[in-house]
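Undergrad: Pasting target.pdb below, which is PDB, C-alpha atoms.
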```pdb
MODEL        1
ATOM      1  CA  MET E 273      14.239 125.184 137.160  1.00  0.00           C
ATOM      2  CA  ARG E 274      12.098 125.405 134.050  1.00  0.00           C
ATOM      3  CA  LYS E 275      13.926 128.514 132.848  1.00  0.00           C
ATOM      4  CA  PHE E 276      17.257 126.753 133.277  1.00  0.00           C
ATOM      5  CA  ALA E 277      16.068 123.783 131.235  1.00  0.00           C
ATOM      6  CA  MET E 278      14.792 126.082 128.498  1.00  0.00           C
ATOM      7  CA  PHE E 279      18.079 128.019 128.413  1.00  0.00           C
ATOM      8  CA  ALA E 280      19.998 124.748 128.296  1.00  0.00           C
ATOM      9  CA  VAL E 281      17.973 123.502 125.321  1.00  0.00           C
ATOM     10  CA  VAL E 282      18.353 126.811 123.474  1.00  0.00           C
ATOM     11  CA  GLY E 283      22.096 126.790 124.243  1.00  0.00           C
ATOM     12  CA  ILE E 284      22.524 123.265 122.927  1.00  0.00           C
ATOM     13  CA  ILE E 285      20.640 124.080 119.725  1.00  0.00           C
ATOM     14  CA  ALA E 286      22.665 127.258 119.207  1.00  0.00           C
ATOM     15  CA  ALA E 287      25.950 125.445 119.869  1.00  0.00           C
ATOM     16  CA  SER E 288      25.111 122.649 117.434  1.00  0.00           C
ATOM     17  CA  PHE E 289      24.235 125.202 114.764  1.00  0.00           C
ATOM     18  CA  VAL E 290      27.528 127.035 115.275  1.00  0.00           C
ATOM     19  CA  LEU E 291      29.570 123.826 115.269  1.00  0.00           C
ATOM     20  CA  THR E 292      28.002 122.459 112.101  1.00  0.00           C
ATOM     21  CA  SER E 293      28.434 125.713 110.207  1.00  0.00           C
ATOM     22  CA  CYS E 294      32.098 126.191 111.125  1.00  0.00           C
ATOM     23  CA  GLY E 295      34.879 125.591 108.639  1.00  0.00           C
ATOM     24  CA  PRO E 296      35.092 126.246 104.946  1.00  0.00           C
ATOM     25  CA  CYS E 297      32.124 125.245 102.830  1.00  0.00           C
ATOM     26  CA  ARG E 298      33.075 123.023  99.951  1.00  0.00           C
ATOM     27  CA  ALA E 299      32.279 124.244  96.482  1.00  0.00           C
ATOM     28  CA  ALA E 300      30.245 121.895  94.300  1.00  0.00           C
ATOM     29  CA  ASN E 301      33.076 121.604  91.767  1.00  0.00           C
ATOM     30  CA  SER E 302      36.402 123.131  90.806  1.00  0.00           C
ATOM     31  CA  GLN E 303      34.818 125.670  88.468  1.00  0.00           C
ATOM     32  CA  GLN E 304      32.637 126.999  91.265  1.00  0.00           C
ATOM     33  CA  ALA E 305      35.661 127.197  93.589  1.00  0.00           C
ATOM     34  CA  VAL E 306      37.665 129.134  90.999  1.00  0.00           C
ATOM     35  CA  GLU E 307      34.773 131.493  90.285  1.00  0.00           C
ATOM     36  CA  LYS E 308      34.339 132.208  94.001  1.00  0.00           C
ATOM     37  CA  SER E 309      38.077 132.752  94.402  1.00  0.00           C
ATOM     38  CA  GLN E 310      38.007 135.432  91.713  1.00  0.00           C
ATOM     39  CA  THR E 311      35.846 137.573  94.009  1.00  0.00           C
ATOM     40  CA  ILE E 312      38.627 137.571  96.626  1.00  0.00           C
ATOM     41  CA  LYS E 313      40.872 140.584  96.048  1.00  0.00           C
ATOM     42  CA  ASP E 314      43.858 139.643  98.237  1.00  0.00           C
ATOM     43  CA  PRO E 315      46.051 137.114  96.349  1.00  0.00           C
ATOM     44  CA  ALA E 316      47.188 135.392  99.565  1.00  0.00           C
ATOM     45  CA  LYS E 317      43.612 134.942 100.776  1.00  0.00           C
ATOM     46  CA  ARG E 318      42.578 133.752  97.317  1.00  0.00           C
ATOM     47  CA  ALA E 319      45.335 131.130  97.292  1.00  0.00           C
ATOM     48  CA  LYS E 320      44.474 130.038 100.843  1.00  0.00           C
ATOM     49  CA  TYR E 321      40.810 129.647  99.891  1.00  0.00           C
ATOM     50  CA  LEU E 322      41.734 127.563  96.843  1.00  0.00           C
ATOM     51  CA  ILE E 323      44.061 125.342  98.879  1.00  0.00           C
ATOM     52  CA  GLU E 324      41.271 124.751 101.397  1.00  0.00           C
ATOM     53  CA  GLN E 325      38.920 123.831  98.562  1.00  0.00           C
ATOM     54  CA  ALA E 326      41.471 121.502  96.993  1.00  0.00           C
ATOM     55  CA  GLN E 327      42.010 119.801 100.363  1.00  0.00           C
ATOM     56  CA  LEU E 328      38.261 119.339 100.815  1.00  0.00           C
ATOM     57  CA  PHE E 329      37.972 117.811  97.346  1.00  0.00           C
ATOM     58  CA  PHE E 330      40.901 115.514  98.144  1.00  0.00           C
ATOM     59  CA  LYS E 331      39.350 114.405 101.448  1.00  0.00           C
ATOM     60  CA  ASN E 332      36.131 113.633  99.596  1.00  0.00           C
ATOM     61  CA  ARG E 333      38.078 111.538  97.077  1.00  0.00           C
ATOM     62  CA  GLN E 334      37.320 113.973  94.236  1.00  0.00           C
ATOM     63  CA  PHE E 335      40.901 113.863  93.032  1.00  0.00           C
ATOM     64  CA  ASP E 336      40.310 115.367  89.586  1.00  0.00           C
ATOM     65  CA  GLU E 337      38.631 118.393  91.168  1.00  0.00           C
ATOM     66  CA  ALA E 338      41.475 118.727  93.690  1.00  0.00           C
ATOM     67  CA  ILE E 339      44.021 118.736  90.854  1.00  0.00           C
ATOM     68  CA  LEU E 340      42.151 121.411  88.899  1.00  0.00           C
ATOM     69  CA  VAL E 341      41.934 123.690  91.929  1.00  0.00           C
ATOM     70  CA  ALA E 342      45.595 123.099  92.840  1.00  0.00           C
ATOM     71  CA  LYS E 343      46.582 124.043  89.271  1.00  0.00           C
ATOM     72  CA  GLN E 344      44.722 127.324  89.732  1.00  0.00           C
ATOM     73  CA  VAL E 345      46.832 128.036  92.819  1.00  0.00           C
ATOM     74  CA  LEU E 346      49.958 127.331  90.788  1.00  0.00           C
ATOM     75  CA  SER E 347      48.910 129.845  88.140  1.00  0.00           C
ATOM     76  CA  GLU E 348      49.799 132.688  90.539  1.00  0.00           C
ATOM     77  CA  PRO E 349      52.975 132.768  92.609  1.00  0.00           C
ATOM     78  CA  SER E 350      52.183 132.512  96.329  1.00  0.00           C
ATOM     79  CA  LYS E 351      53.417 130.974  99.545  1.00  0.00           C
ATOM     80  CA  TYR E 352      50.969 128.126  98.866  1.00  0.00           C
ATOM     81  CA  THR E 353      52.756 126.956  95.710  1.00  0.00           C
ATOM     82  CA  GLN E 354      54.572 124.106  97.443  1.00  0.00           C
ATOM     83  CA  GLU E 355      51.406 122.944  99.189  1.00  0.00           C
ATOM     84  CA  ALA E 356      49.479 123.051  95.914  1.00  0.00           C
ATOM     85  CA  THR E 357      52.174 121.035  94.156  1.00  0.00           C
ATOM     86  CA  SER E 358      52.207 118.448  96.925  1.00  0.00           C
ATOM     87  CA  LEU E 359      48.432 118.164  96.936  1.00  0.00           C
ATOM     88  CA  MET E 360      48.331 117.824  93.167  1.00  0.00           C
ATOM     89  CA  LEU E 361      50.940 115.044  93.207  1.00  0.00           C
ATOM     90  CA  ARG E 362      49.134 113.163  95.989  1.00  0.00           C
ATOM     91  CA  ALA E 363      45.862 113.410  94.047  1.00  0.00           C
ATOM     92  CA  GLN E 364      47.548 112.129  90.892  1.00  0.00           C
ATOM     93  CA  ASP E 365      48.992 109.215  92.892  1.00  0.00           C
ATOM     94  CA  ALA E 366      45.555 108.461  94.350  1.00  0.00           C
ATOM     95  CA  ILE E 367      44.051 108.397  90.855  1.00  0.00           C
ATOM     96  CA  MET E 368      46.742 105.956  89.719  1.00  0.00           C
ATOM     97  CA  VAL E 369      46.049 103.712  92.723  1.00  0.00           C
ATOM     98  CA  GLN E 370      42.318 103.767  91.964  1.00  0.00           C
ATOM     99  CA  LYS E 371      42.955 102.835  88.337  1.00  0.00           C
ATOM    100  CA  GLN E 372      45.301 100.018  89.359  1.00  0.00           C
ATOM    101  CA  GLN E 373      42.776  98.662  91.851  1.00  0.00           C
ATOM    102  CA  LYS E 374      40.088  98.763  89.186  1.00  0.00           C
ATOM    103  CA  LEU E 375      42.340  96.833  86.790  1.00  0.00           C
ATOM    104  CA  ASP E 376      43.140  94.277  89.479  1.00  0.00           C
ATOM    105  CA  VAL E 377      39.439  93.723  90.174  1.00  0.00           C
ATOM    106  CA  GLU E 378      38.705  93.315  86.463  1.00  0.00           C
ATOM    107  CA  LYS E 379      41.454  90.683  86.134  1.00  0.00           C
ATOM    108  CA  GLU E 380      39.899  88.528  88.851  1.00  0.00           C
TER     109      GLU E 380
ENDMDL
END
```
Here is a file; write its structure as structure tokens.

TA:
Amino acid sequence: MRKFAMFAVVGIIAASFVLTSCGPCRAANSQQAVEKSQTIKDPAKRAKYLIEQAQLFFKNRQFDEAILVAKQVLSEPSKYTQEATSLMLRAQDAIMVQKQQKLDVEKE
């Protein structure tokens, strides 16, 4: 019984480690994302990595960073061009909404 409990605890710790380390790690900023992408030789994988980074920046409300990374994707033709364009436009819209909300608060 003791061995089972120990294996269960070790299993839970291992599973939590695996689950928390899954998924793409977000770069600190767009420059870091672009620099890391330059080490990826395959253009499709490079574009996919950049799109993932741009999406992570967008989800974290770092819209300027998302736009810069999306522009990097657009600098090379790929199947991710449409997704990069869409993401860039959504980020620009989000920035406009933030600015409008800030103006509305200042007026009150």

Undergrad: Can I get the residues of region 306-335 of chain E within 8 Å of region 352-355 of chain E, each with the closest pair of atoms and their distance in Å to one decimal, using all atoms listed in the file, sorted chain first then ascending number, as a tab-separated table?

TA:
```
residue	atom	partner	partner_atom	distance
E:Ala319	CA	E:Tyr352	CA	6.6
E:Lys320	CA	E:Tyr352	CA	7.1
E:Ile323	CA	E:Tyr352	CA	7.4
```

Undergrad: Generate a file of the selected residues that holds C-alpha atoms, formatted as a PDB file, in the coordinates of the input.

TA:
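Produced file result00.pdb, reproduced below:
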```
ATOM      1  CA  ALA E 319      45.335 131.130  97.292  1.00  0.00           C
ATOM      2  CA  LYS E 320      44.474 130.038 100.843  1.00  0.00           C
ATOM      3  CA  ILE E 323      44.061 125.342  98.879  1.00  0.00           C
TER       4      ILE E 323
END
```

Undergrad: What would the selection look like, as a PyMOL selection string, if the PyMOL selection byres ((chain E and resi 363) around 12) were run on the coordinates I just shared?

TA: chain E and resi 326-343+356-362+364-370

Undergrad: Got a sec: who's within 12 Å of Arg318 (chain E), counting all atoms listed in the file, leaving out chain neighbours fewer than 3 positions off, as a tab-separated table (two decimals) with C-alpha atoms, in the frame of the given file?

TA:
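What follows is the written file out_21.tsv:
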```tsv
chain	number	residue	atom	x	y	z
E	305	ALA	CA	35.66	127.20	93.59
E	306	VAL	CA	37.66	129.13	91.00
E	307	GLU	CA	34.77	131.49	90.28
E	308	LYS	CA	34.34	132.21	94.00
E	309	SER	CA	38.08	132.75	94.40
E	310	GLN	CA	38.01	135.43	91.71
E	311	THR	CA	35.85	137.57	94.01
E	312	ILE	CA	38.63	137.57	96.63
E	313	LYS	CA	40.87	140.58	96.05
E	314	ASP	CA	43.86	139.64	98.24
E	315	PRO	CA	46.05	137.11	96.35
E	321	TYR	CA	40.81	129.65	99.89
E	322	LEU	CA	41.73	127.56	96.84
E	323	ILE	CA	44.06	125.34	98.88
E	324	GLU	CA	41.27	124.75	101.40
E	325	GLN	CA	38.92	123.83	98.56
E	341	VAL	CA	41.93	123.69	91.93
E	342	ALA	CA	45.60	123.10	92.84
E	344	GLN	CA	44.72	127.32	89.73
E	345	VAL	CA	46.83	128.04	92.82
E	346	LEU	CA	49.96	127.33	90.79
E	347	SER	CA	48.91	129.84	88.14
E	348	GLU	CA	49.80	132.69	90.54
E	349	PRO	CA	52.98	132.77	92.61
E	350	SER	CA	52.18	132.51	96.33
E	351	LYS	CA	53.42	130.97	99.54
E	352	TYR	CA	50.97	128.13	98.87
```

Undergrad: Which value, in Å to one decimal, gives the distance between CA of Gln303 (chain E) and CA of Gln372 (chain E)?

TA: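 Between CA of Gln303 (chain E) and CA of Gln372 (chain E) the gap works out to 27.7 Å.
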